[in-house]
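Trainee: Input file: target-v3.csv. Contents: CSV, C-alpha atoms.
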chain,number,residue,atom,x,y,z
V,148,MET,CA,-22.8,74.7,-17.9
V,149,SER,CA,-23.9,77.8,-16.0
V,150,GLY,CA,-25.4,80.7,-17.8
V,151,VAL,CA,-26.5,78.8,-20.9
V,152,VAL,CA,-28.8,81.0,-22.9
V,153,PHE,CA,-31.7,79.7,-25.0
V,154,SER,CA,-33.8,82.7,-25.8
V,155,LEU,CA,-36.3,84.1,-28.3
V,156,ASP,CA,-33.6,86.7,-29.2
V,157,GLY,CA,-31.2,83.9,-30.2
V,158,PHE,CA,-34.0,82.1,-32.1
V,159,ARG,CA,-34.8,85.4,-34.0
V,160,ARG,CA,-31.1,86.0,-34.8
V,161,GLY,CA,-30.9,82.4,-36.2
V,162,ALA,CA,-34.1,82.8,-38.2
V,163,ARG,CA,-32.9,86.0,-39.7
V,164,ASP,CA,-29.6,84.4,-40.8
V,165,GLY,CA,-31.5,81.4,-42.1
V,166,VAL,CA,-33.8,83.3,-44.5
V,167,PRO,CA,-31.2,83.5,-47.4
V,168,LEU,CA,-30.6,79.7,-47.0
V,169,ALA,CA,-34.4,79.1,-46.9
V,170,VAL,CA,-34.7,80.7,-50.4
V,171,SER,CA,-32.4,78.1,-51.8
V,172,ILE,CA,-33.9,75.3,-49.8
V,173,PHE,CA,-37.3,76.3,-51.2
V,174,ALA,CA,-35.9,75.9,-54.7
V,175,TYR,CA,-34.4,72.5,-53.7
V,176,GLY,CA,-37.9,71.6,-52.3
V,177,LEU,CA,-39.4,72.5,-55.7
V,178,GLY,CA,-37.0,70.2,-57.3
V,179,PHE,CA,-37.8,67.3,-55.0
V,180,GLY,CA,-41.5,67.9,-55.4
V,181,LEU,CA,-41.1,67.7,-59.2
V,182,VAL,CA,-39.2,64.5,-59.0
V,183,ALA,CA,-41.6,62.9,-56.5
V,184,ALA,CA,-44.7,63.9,-58.5
V,185,GLN,CA,-43.1,62.5,-61.6
V,186,ALA,CA,-42.5,59.2,-59.8
V,187,GLY,CA,-46.2,59.1,-58.9
V,188,PHE,CA,-46.2,60.5,-55.4
V,189,GLY,CA,-49.0,63.1,-54.9
V,190,VAL,CA,-48.7,66.3,-52.9
V,191,VAL,CA,-49.6,64.7,-49.6
V,192,LYS,CA,-47.1,61.8,-49.9
V,193,SER,CA,-44.3,64.1,-51.1
V,194,VAL,CA,-44.8,66.6,-48.2
V,195,ALA,CA,-45.1,63.7,-45.8
V,196,MET,CA,-41.7,62.5,-46.9
V,197,SER,CA,-40.2,66.0,-46.7
V,198,ALA,CA,-41.5,66.3,-43.1
V,199,ALA,CA,-40.6,62.8,-41.9
V,200,ILE,CA,-37.2,62.4,-43.5
V,201,TYR,CA,-36.3,66.1,-43.8
V,202,SER,CA,-33.2,65.5,-46.0
V,203,GLY,CA,-33.3,66.1,-49.7
V,204,SER,CA,-30.5,63.8,-50.8
V,205,ALA,CA,-31.9,60.9,-48.8
V,206,GLN,CA,-35.4,61.5,-50.1
V,207,LEU,CA,-34.3,61.6,-53.7
V,208,ALA,CA,-32.5,58.3,-53.2
V,209,ALA,CA,-35.6,56.8,-51.5
V,210,VAL,CA,-37.8,57.9,-54.4
V,211,ASN,CA,-35.4,56.3,-56.9
V,212,LEU,CA,-35.4,53.1,-54.9
V,213,LEU,CA,-39.2,53.0,-54.5
V,214,GLN,CA,-39.6,53.7,-58.2
V,215,THR,CA,-37.7,50.5,-59.1
V,216,GLY,CA,-40.5,48.6,-57.3
V,217,GLN,CA,-38.1,46.2,-55.8
V,218,ALA,CA,-36.9,48.1,-52.8
V,219,THR,CA,-37.2,46.2,-49.5
V,220,ILE,CA,-37.8,48.0,-46.3
V,221,TRP,CA,-34.2,47.2,-45.3
V,222,ALA,CA,-32.8,48.5,-48.5
V,223,LEU,CA,-34.6,51.8,-47.9
V,224,PHE,CA,-33.4,51.9,-44.3
V,225,ALA,CA,-29.8,51.2,-45.3
V,226,ALA,CA,-29.8,53.7,-48.1
V,227,ILE,CA,-31.0,56.5,-45.8
V,228,LEU,CA,-28.5,55.6,-43.1
V,229,VAL,CA,-25.6,55.7,-45.6
V,230,ILE,CA,-26.6,59.0,-47.2
V,231,ASN,CA,-27.4,60.7,-43.9
V,232,ALA,CA,-24.3,59.3,-42.1
V,233,ARG,CA,-22.8,62.8,-42.3
V,234,TYR,CA,-25.4,63.8,-39.7
V,235,LEU,CA,-23.5,61.7,-37.2
V,236,LEU,CA,-20.6,64.1,-37.7
V,237,PHE,CA,-22.9,67.2,-37.6
V,238,GLY,CA,-24.5,66.1,-34.3
V,239,ALA,CA,-21.1,65.2,-32.8
V,240,THR,CA,-19.6,68.6,-33.6
V,241,LEU,CA,-22.6,70.5,-32.2
V,242,GLN,CA,-22.7,68.4,-29.0
V,243,PRO,CA,-20.3,70.3,-26.7
V,244,TRP,CA,-22.1,73.6,-27.4
V,245,LEU,CA,-25.7,72.4,-27.7
V,246,TRP,CA,-25.9,70.0,-24.8
V,247,GLY,CA,-25.9,72.9,-22.4
V,248,ALA,CA,-29.4,73.7,-23.4
V,249,GLY,CA,-30.6,70.5,-21.8
V,250,PRO,CA,-31.9,67.3,-23.5
V,251,VAL,CA,-35.4,68.4,-24.6
V,252,LYS,CA,-34.2,71.6,-26.3
V,253,ALA,CA,-31.1,70.0,-27.7
V,254,TYR,CA,-32.8,67.0,-29.2
V,255,GLY,CA,-35.7,69.2,-30.4
V,256,SER,CA,-33.2,71.5,-32.2
V,257,LEU,CA,-31.6,68.4,-33.8
V,258,LEU,CA,-34.9,67.7,-35.6
V,259,LEU,CA,-34.4,70.9,-37.5
V,260,LEU,CA,-30.8,70.1,-38.4
V,261,GLY,CA,-29.7,70.2,-42.0
V,262,ASP,CA,-26.6,70.7,-44.1
V,263,ALA,CA,-27.1,74.4,-44.5
V,264,ASN,CA,-28.0,75.4,-41.0
V,265,TRP,CA,-25.3,73.2,-39.5
V,266,LEU,CA,-22.7,75.1,-41.5
V,267,MET,CA,-24.3,78.4,-40.5
V,268,THR,CA,-24.5,77.4,-36.8
V,269,MET,CA,-20.9,76.2,-36.7
V,270,ARG,CA,-19.8,79.5,-38.1
V,271,ALA,CA,-21.9,81.4,-35.5
V,272,ILE,CA,-20.4,79.3,-32.7
V,273,ARG,CA,-16.9,80.1,-33.9
V,274,ALA,CA,-17.9,83.8,-34.0
V,275,GLY,CA,-18.9,83.5,-30.3
V,276,GLU,CA,-22.7,82.8,-30.5
V,277,GLU,CA,-23.8,81.7,-27.0
V,278,ASP,CA,-27.5,81.4,-27.5
V,279,ARG,CA,-28.4,77.7,-28.1
V,280,ALA,CA,-31.8,78.7,-29.7
V,281,TYR,CA,-29.8,80.0,-32.7
V,282,LEU,CA,-29.7,76.5,-34.3
V,283,ALA,CA,-33.5,76.0,-34.1
V,284,GLY,CA,-33.9,79.6,-35.3
V,285,THR,CA,-31.9,78.9,-38.5
V,286,GLY,CA,-33.9,75.7,-39.0
V,287,ALA,CA,-37.3,77.4,-38.8
V,288,PRO,CA,-37.4,79.4,-42.1
V,289,ILE,CA,-35.5,76.5,-43.8
V,290,ALA,CA,-38.2,74.0,-42.7
V,291,VAL,CA,-40.9,76.3,-44.0
V,292,GLY,CA,-39.1,76.7,-47.3
V,293,TRP,CA,-38.5,73.0,-47.7
V,294,LEU,CA,-42.1,72.0,-47.0
V,295,SER,CA,-43.7,74.7,-49.1
V,296,GLY,CA,-41.3,74.1,-51.9
V,297,THR,CA,-42.1,70.4,-51.9
V,298,ALA,CA,-45.8,71.1,-51.9
V,299,LEU,CA,-45.6,73.6,-54.8
V,300,GLY,CA,-43.2,71.4,-56.8
V,301,ALA,CA,-45.4,68.3,-56.5
V,302,ALA,CA,-48.6,70.3,-57.2
V,303,ALA,CA,-47.4,72.4,-60.1
V,304,VAL,CA,-45.1,69.8,-61.8
V,305,SER,CA,-46.0,70.7,-65.3
V,306,VAL,CA,-45.7,74.5,-65.3
V,307,LEU,CA,-42.6,75.3,-63.3
V,308,PRO,CA,-39.2,76.3,-64.7
V,309,ARG,CA,-36.3,74.0,-63.8
V,310,PRO,CA,-34.5,75.4,-60.7
V,311,GLU,CA,-31.2,74.9,-62.4
V,312,ALA,CA,-32.0,77.6,-64.9
V,313,LEU,CA,-31.9,80.1,-62.1
V,314,GLY,CA,-28.7,78.8,-60.6
V,315,PHE,CA,-30.3,77.6,-57.3
V,316,ASP,CA,-28.7,74.2,-57.5
V,317,LEU,CA,-25.4,75.9,-56.9
V,318,MET,CA,-26.7,77.7,-53.8
V,319,LEU,CA,-25.3,75.3,-51.2
V,320,PRO,CA,-21.8,75.2,-52.8
V,321,CYS,CA,-21.9,79.0,-53.0
V,322,PHE,CA,-22.7,79.3,-49.3
V,323,ALA,CA,-20.0,76.7,-48.5
V,324,ALA,CA,-17.4,78.7,-50.5
V,325,GLY,CA,-18.4,82.0,-48.9
V,326,MET,CA,-18.5,80.6,-45.4
V,327,VAL,CA,-15.2,78.8,-45.6
V,328,THR,CA,-13.5,82.0,-46.9
V,329,ALA,CA,-15.0,84.0,-44.0
V,330,MET,CA,-14.0,81.4,-41.5
V,331,VAL,CA,-10.3,81.1,-42.4
V,332,HIS,CA,-8.6,83.6,-40.1
V,333,SER,CA,-5.1,82.3,-40.1
V,334,ARG,CA,-2.7,80.0,-41.9
V,335,VAL,CA,-3.5,77.2,-39.5
V,336,ASP,CA,-7.1,77.2,-40.9
V,337,LEU,CA,-5.9,76.6,-44.5
V,338,LEU,CA,-4.6,73.1,-43.8
V,339,PRO,CA,-8.0,71.6,-42.9
V,340,VAL,CA,-9.5,73.4,-45.9
V,341,ALA,CA,-6.9,71.9,-48.3
V,342,VAL,CA,-7.1,68.5,-46.7
V,343,GLY,CA,-11.0,68.6,-46.8
V,344,ALA,CA,-11.0,69.5,-50.5
V,345,GLY,CA,-8.4,66.9,-51.4
V,346,ALA,CA,-10.1,64.1,-49.3
V,347,ALA,CA,-13.5,64.9,-50.9
V,348,LEU,CA,-12.2,64.6,-54.4
V,349,ALA,CA,-10.2,61.4,-53.7
V,350,ILE,CA,-13.0,59.7,-51.9
V,351,PHE,CA,-15.6,60.8,-54.5
V,352,HIS,CA,-13.8,58.8,-57.1
V,353,LEU,CA,-13.6,55.7,-54.9
V,354,ALA,CA,-17.0,55.8,-53.2
V,355,GLY,CA,-19.3,58.6,-54.4
V,356,PRO,CA,-20.6,61.8,-53.0
V,357,ALA,CA,-22.0,60.9,-49.6
V,358,PRO,CA,-18.8,59.2,-48.2
V,359,ALA,CA,-16.8,62.1,-49.8
V,360,ILE,CA,-18.4,64.7,-47.6
V,361,ILE,CA,-18.1,62.6,-44.5
V,362,GLY,CA,-14.4,61.9,-45.3
V,363,ALA,CA,-13.7,65.5,-45.9
V,364,GLY,CA,-14.9,66.4,-42.4
V,365,LEU,CA,-13.1,63.5,-40.7
V,366,ALA,CA,-9.9,64.2,-42.5
V,367,ALA,CA,-10.0,67.9,-41.7
V,368,GLY,CA,-10.8,67.1,-38.0
V,369,ALA,CA,-8.0,64.5,-37.9
V,370,VAL,CA,-5.3,66.9,-39.3
V,371,ALA,CA,-6.4,69.7,-36.9
V,372,ALA,CA,-6.1,67.3,-34.0
V,373,LEU,CA,-2.7,66.1,-35.1
V,374,MET,CA,-1.4,69.7,-35.6
V,375,HIS,CA,-2.8,70.9,-32.3
V,376,ARG,CA,-0.1,72.1,-30.0
V,377,GLY,CA,-0.3,72.4,-26.2
V,378,GLU,CA,-1.7,69.9,-23.8
V,379,ALA,CA,-3.7,67.0,-25.3
D,48,MET,CA,-43.3,46.0,-52.8
D,49,THR,CA,-46.4,45.2,-50.7
D,50,ASP,CA,-45.7,47.4,-47.7
D,51,SER,CA,-48.0,50.4,-47.3
D,52,PHE,CA,-46.8,53.9,-47.6
D,53,PRO,CA,-47.2,54.8,-43.8
D,54,VAL,CA,-44.9,51.8,-42.9
D,55,LEU,CA,-42.3,52.8,-45.5
D,56,LEU,CA,-42.5,56.4,-44.3
D,57,ALA,CA,-42.0,55.3,-40.7
D,58,VAL,CA,-38.9,53.2,-41.6
D,59,MET,CA,-37.4,56.0,-43.6
D,60,ALA,CA,-38.1,58.5,-40.9
D,61,SER,CA,-36.5,56.3,-38.2
D,62,ALA,CA,-33.3,55.9,-40.3
D,63,ALA,CA,-33.1,59.7,-40.7
D,64,LEU,CA,-33.8,60.4,-37.1
D,65,LEU,CA,-31.2,57.8,-36.0
D,66,CYS,CA,-28.5,59.7,-38.0
D,67,ARG,CA,-29.6,63.0,-36.5
D,68,VAL,CA,-29.4,62.0,-32.8
D,69,ALA,CA,-26.8,59.2,-32.7
D,70,GLY,CA,-23.6,61.3,-33.3
D,71,PHE,CA,-24.8,63.9,-30.8
D,72,THR,CA,-25.6,61.2,-28.2
D,73,LEU,CA,-22.3,59.3,-28.6
D,74,MET,CA,-20.4,62.6,-28.3
D,75,ARG,CA,-21.8,63.0,-24.8
D,76,PHE,CA,-19.4,60.3,-23.7
D,77,VAL,CA,-16.3,61.8,-25.3
D,78,PRO,CA,-14.4,64.1,-23.1
D,79,VAL,CA,-13.7,67.3,-25.0
D,80,SER,CA,-10.0,68.1,-24.7
D,81,PRO,CA,-8.5,71.1,-26.5
D,82,ARG,CA,-7.3,68.6,-29.1
D,83,VAL,CA,-10.8,67.3,-29.7
D,84,GLU,CA,-12.1,70.8,-29.7
D,85,ALA,CA,-9.6,71.7,-32.5
D,86,ALA,CA,-10.8,68.7,-34.5
D,87,LEU,CA,-14.5,69.7,-34.0
D,88,ARG,CA,-13.7,73.3,-35.1
D,89,ALA,CA,-11.9,72.2,-38.2
D,90,THR,CA,-14.5,69.7,-39.3
D,91,PRO,CA,-16.9,72.3,-40.9
D,92,LEU,CA,-13.9,73.8,-42.7
D,93,GLY,CA,-13.2,70.4,-44.3
D,94,VAL,CA,-16.9,69.8,-45.1
D,95,MET,CA,-17.3,73.2,-46.7
D,96,ALA,CA,-14.1,72.8,-48.7
D,97,GLY,CA,-15.3,69.4,-49.8
D,98,ILE,CA,-18.7,70.6,-50.9
D,99,THR,CA,-17.0,73.4,-52.9
D,100,ALA,CA,-14.4,71.1,-54.5
D,101,LEU,CA,-17.0,68.6,-55.6
D,102,ALA,CA,-19.1,71.3,-57.1
D,103,VAL,CA,-16.1,72.7,-59.0
D,104,GLN,CA,-15.3,69.2,-60.2
D,105,ALA,CA,-18.9,68.3,-61.3
D,106,GLY,CA,-19.5,71.7,-62.9
D,107,GLY,CA,-18.1,73.4,-66.0
D,108,PRO,CA,-16.5,76.8,-66.3
D,109,ALA,CA,-19.6,78.6,-65.2
D,110,GLU,CA,-19.7,76.8,-61.9
D,111,GLY,CA,-16.0,77.2,-61.3
D,112,LEU,CA,-16.0,80.9,-62.1
D,113,ALA,CA,-19.0,81.5,-59.9
D,114,LEU,CA,-17.5,79.8,-56.9
D,115,ALA,CA,-14.2,81.6,-57.5
D,116,ALA,CA,-16.2,84.8,-57.6
D,117,VAL,CA,-17.8,83.9,-54.2
D,118,VAL,CA,-14.4,83.5,-52.6
D,119,GLY,CA,-13.3,86.9,-54.0
D,120,LEU,CA,-16.5,88.7,-53.2
D,121,THR,CA,-16.5,87.4,-49.6
D,122,LEU,CA,-13.0,89.0,-49.1
D,123,VAL,CA,-14.1,92.2,-50.7
D,124,LEU,CA,-17.6,92.6,-49.3
D,125,ARG,CA,-16.8,91.0,-46.0
D,126,SER,CA,-20.2,89.3,-46.1
D,127,ASP,CA,-20.3,85.6,-47.1
D,128,VAL,CA,-24.1,85.6,-47.4
D,129,ALA,CA,-24.1,88.5,-49.9
D,130,ALA,CA,-21.3,86.9,-51.8
D,131,ALA,CA,-23.1,83.5,-52.0
D,132,LEU,CA,-26.3,85.1,-53.3
D,133,LEU,CA,-24.2,87.0,-55.9
D,134,GLY,CA,-22.5,83.8,-56.8
D,135,VAL,CA,-25.9,82.3,-57.7
D,136,VAL,CA,-26.6,85.4,-59.9
D,137,VAL,CA,-23.2,84.9,-61.6
D,138,VAL,CA,-23.8,81.2,-62.4
D,139,ALA,CA,-27.3,81.9,-63.7
D,140,GLY,CA,-25.9,84.7,-65.9
D,141,LEU,CA,-23.0,82.6,-67.2
D,142,ARG,CA,-25.3,79.7,-68.0
D,143,TRP,CA,-27.7,82.0,-69.7
D,144,ALA,CA,-24.7,83.2,-71.8
D,145,GLY,CA,-24.1,79.6,-72.8
D,146,LEU,CA,-20.9,79.0,-70.8
Can I see the file as structure tokens?

Mentor:
Amino acid sequence: MSGVVFSLDGFRRGARDGVPLAVSIFAYGLGFGLVAAQAGFGVVKSVAMSAAIYSGSAQLAAVNLLQTGQATIWALFAAILVINARYLLFGATLQPWLWGAGPVKAYGSLLLLGDANWLMTMRAIRAGEEDRAYLAGTGAPIAVGWLSGTALGAAAVSVLPRPEALGFDLMLPCFAAGMVTAMVHSRVDLLPVAVGAGAALAIFHLAGPAPAIIGAGLAAGAVAALMHRGEA
Amino acid sequence: MTDSFPVLLAVMASAALLCRVAGFTLMRFVPVSPRVEAALRATPLGVMAGITALAVQAGGPAEGLALAAVVGLTLVLRSDVAAALLGVVVVAGLRWAGL
């Protein structure tokens, strides 16, 4: 654990890399704000949800549940646990790298963890990023984009174009496709890619999108562990 | 539904927080062998491939072509970020063209 870096430089590097993602998250925030406002949440409540839950898919599900008027507290709690279960995986994969920063900085950084900057940070770690502030750095512009997008979407619900018209809904898949292409360096890397894609499609048909993403990660990890040569 | 919004918000926030910190915390007790490290390194590859595959399946020709373009552009431009942004332009254009 000696020589672990957590510097302003690393934070800045992460923030710079996070800006293109923040643009898409801003558009996603607009979308959530629109939905929340249509469901009767005002600007304050919508932004409070975006800040407190900080996960678009979980918030959309929560708004849907609340709209039915029959959601119990436990149903809400369970829905968010299930949809965000992938964060268990995200946190676990970051742990060996991030823990070196110490508990306060590590757990503080996890508050800014999302799908997009997890992908970006895992890519950076693979490329040799040593500065643990990188994760919080990528999270900062994304948080700004998410909260400002939510506020604007909820406030201007009647005048905005749908984000789909501009292609922003495909931003995360586009980043995922680009990053996976950049991260494949050898034939060994192609196997987890193929297994992940296959597992996602199969599980999606059985259980829906949230388990599909978790299953893709677990299946890819399992196959890599099985194929690993050398000492266990 | 009689619960007040602050109570609901606190419940939802605690569920989200639990997911954020629990995997990280549990992993502190797992010794990281080279085999575990290989699994951790492959996990994002599987997740990214999964996200892409689901988007291709859910989308039409416009989405499939745009994502294929992102893969090609990443190899040509050697920048995944530039390729991803161009992919968004491609899908917006294809949708505008009615594909």

Trainee: Looking at V:Leu257, V:Ala349, V:Met267, V:Ala162, which one is nearest to chain D, with distances taken over only C-alpha atoms?

Mentor: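 Going through V:Leu257, V:Ala349, V:Met267, V:Ala162 one by one, the smallest distance to chain D is for V:Leu257.
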
Trainee: Counting all atoms listed in the file, figure out which residue out of V:Gln214, V:Gln242, V:Ser295, V:Ser171 gets nearest to chain D.

Mentor: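 Among the listed residues, V:Gln242 lies closest to chain D.
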
Trainee: Quick one: everything within 10 Å of Arg125 of chain D, counting only C-alpha atoms, minus sequence neighbours fewer than 4 positions away in the same chain. Send it as an NGL selection string.

Mentor: (:V and (325 or 328-329)) or (:D and (119-121 or 129-130))

Trainee: Return the single residue from V:Trp293, V:Trp265, V:Trp221, V:Tyr234 that is closest to chain D, with distances computed using all atoms listed in the file.

Mentor: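 Smallest separation from chain D among the options: V:Tyr234.
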
Trainee: Hey, list the chain D side of the contact with chain V: 6 Å cut-off, all atoms listed in the file, answer as number ranges by chain.

Mentor: D: 48, 59-60, 62-63, 66-67, 70-71, 74, 82, 85-87, 89-90, 92-100, 114, 117-118, 121, 127, 131, 135, 138-139

Trainee: Within 10 Å of (-23.4, 82.1, -67.1) (file coordinates; all atoms listed in the file), which protein or nucleic acid residues are there? I'd like them as a ChimeraX atom specification.

Mentor: /V:312,314 /D:108-110,112-113,135-146

Trainee: Let's have the selection written as a short mmCIF file (atom, residue, chain, number, x, y, z; two decimals), in the coordinates of the input, with C-alpha atoms.

Mentor:
data_model
loop_
_atom_site.label_atom_id
_atom_site.label_comp_id
_atom_site.auth_asym_id
_atom_site.auth_seq_id
_atom_site.Cartn_x
_atom_site.Cartn_y
_atom_site.Cartn_z
CA ALA V 312 -32.00 77.60 -64.90
CA GLY V 314 -28.70 78.80 -60.60
CA PRO D 108 -16.50 76.80 -66.30
CA ALA D 109 -19.60 78.60 -65.20
CA GLU D 110 -19.70 76.80 -61.90
CA LEU D 112 -16.00 80.90 -62.10
CA ALA D 113 -19.00 81.50 -59.90
CA VAL D 135 -25.90 82.30 -57.70
CA VAL D 136 -26.60 85.40 -59.90
CA VAL D 137 -23.20 84.90 -61.60
CA VAL D 138 -23.80 81.20 -62.40
CA ALA D 139 -27.30 81.90 -63.70
CA GLY D 140 -25.90 84.70 -65.90
CA LEU D 141 -23.00 82.60 -67.20
CA ARG D 142 -25.30 79.70 -68.00
CA TRP D 143 -27.70 82.00 -69.70
CA ALA D 144 -24.70 83.20 -71.80
CA GLY D 145 -24.10 79.60 -72.80
CA LEU D 146 -20.90 79.00 -70.80
#
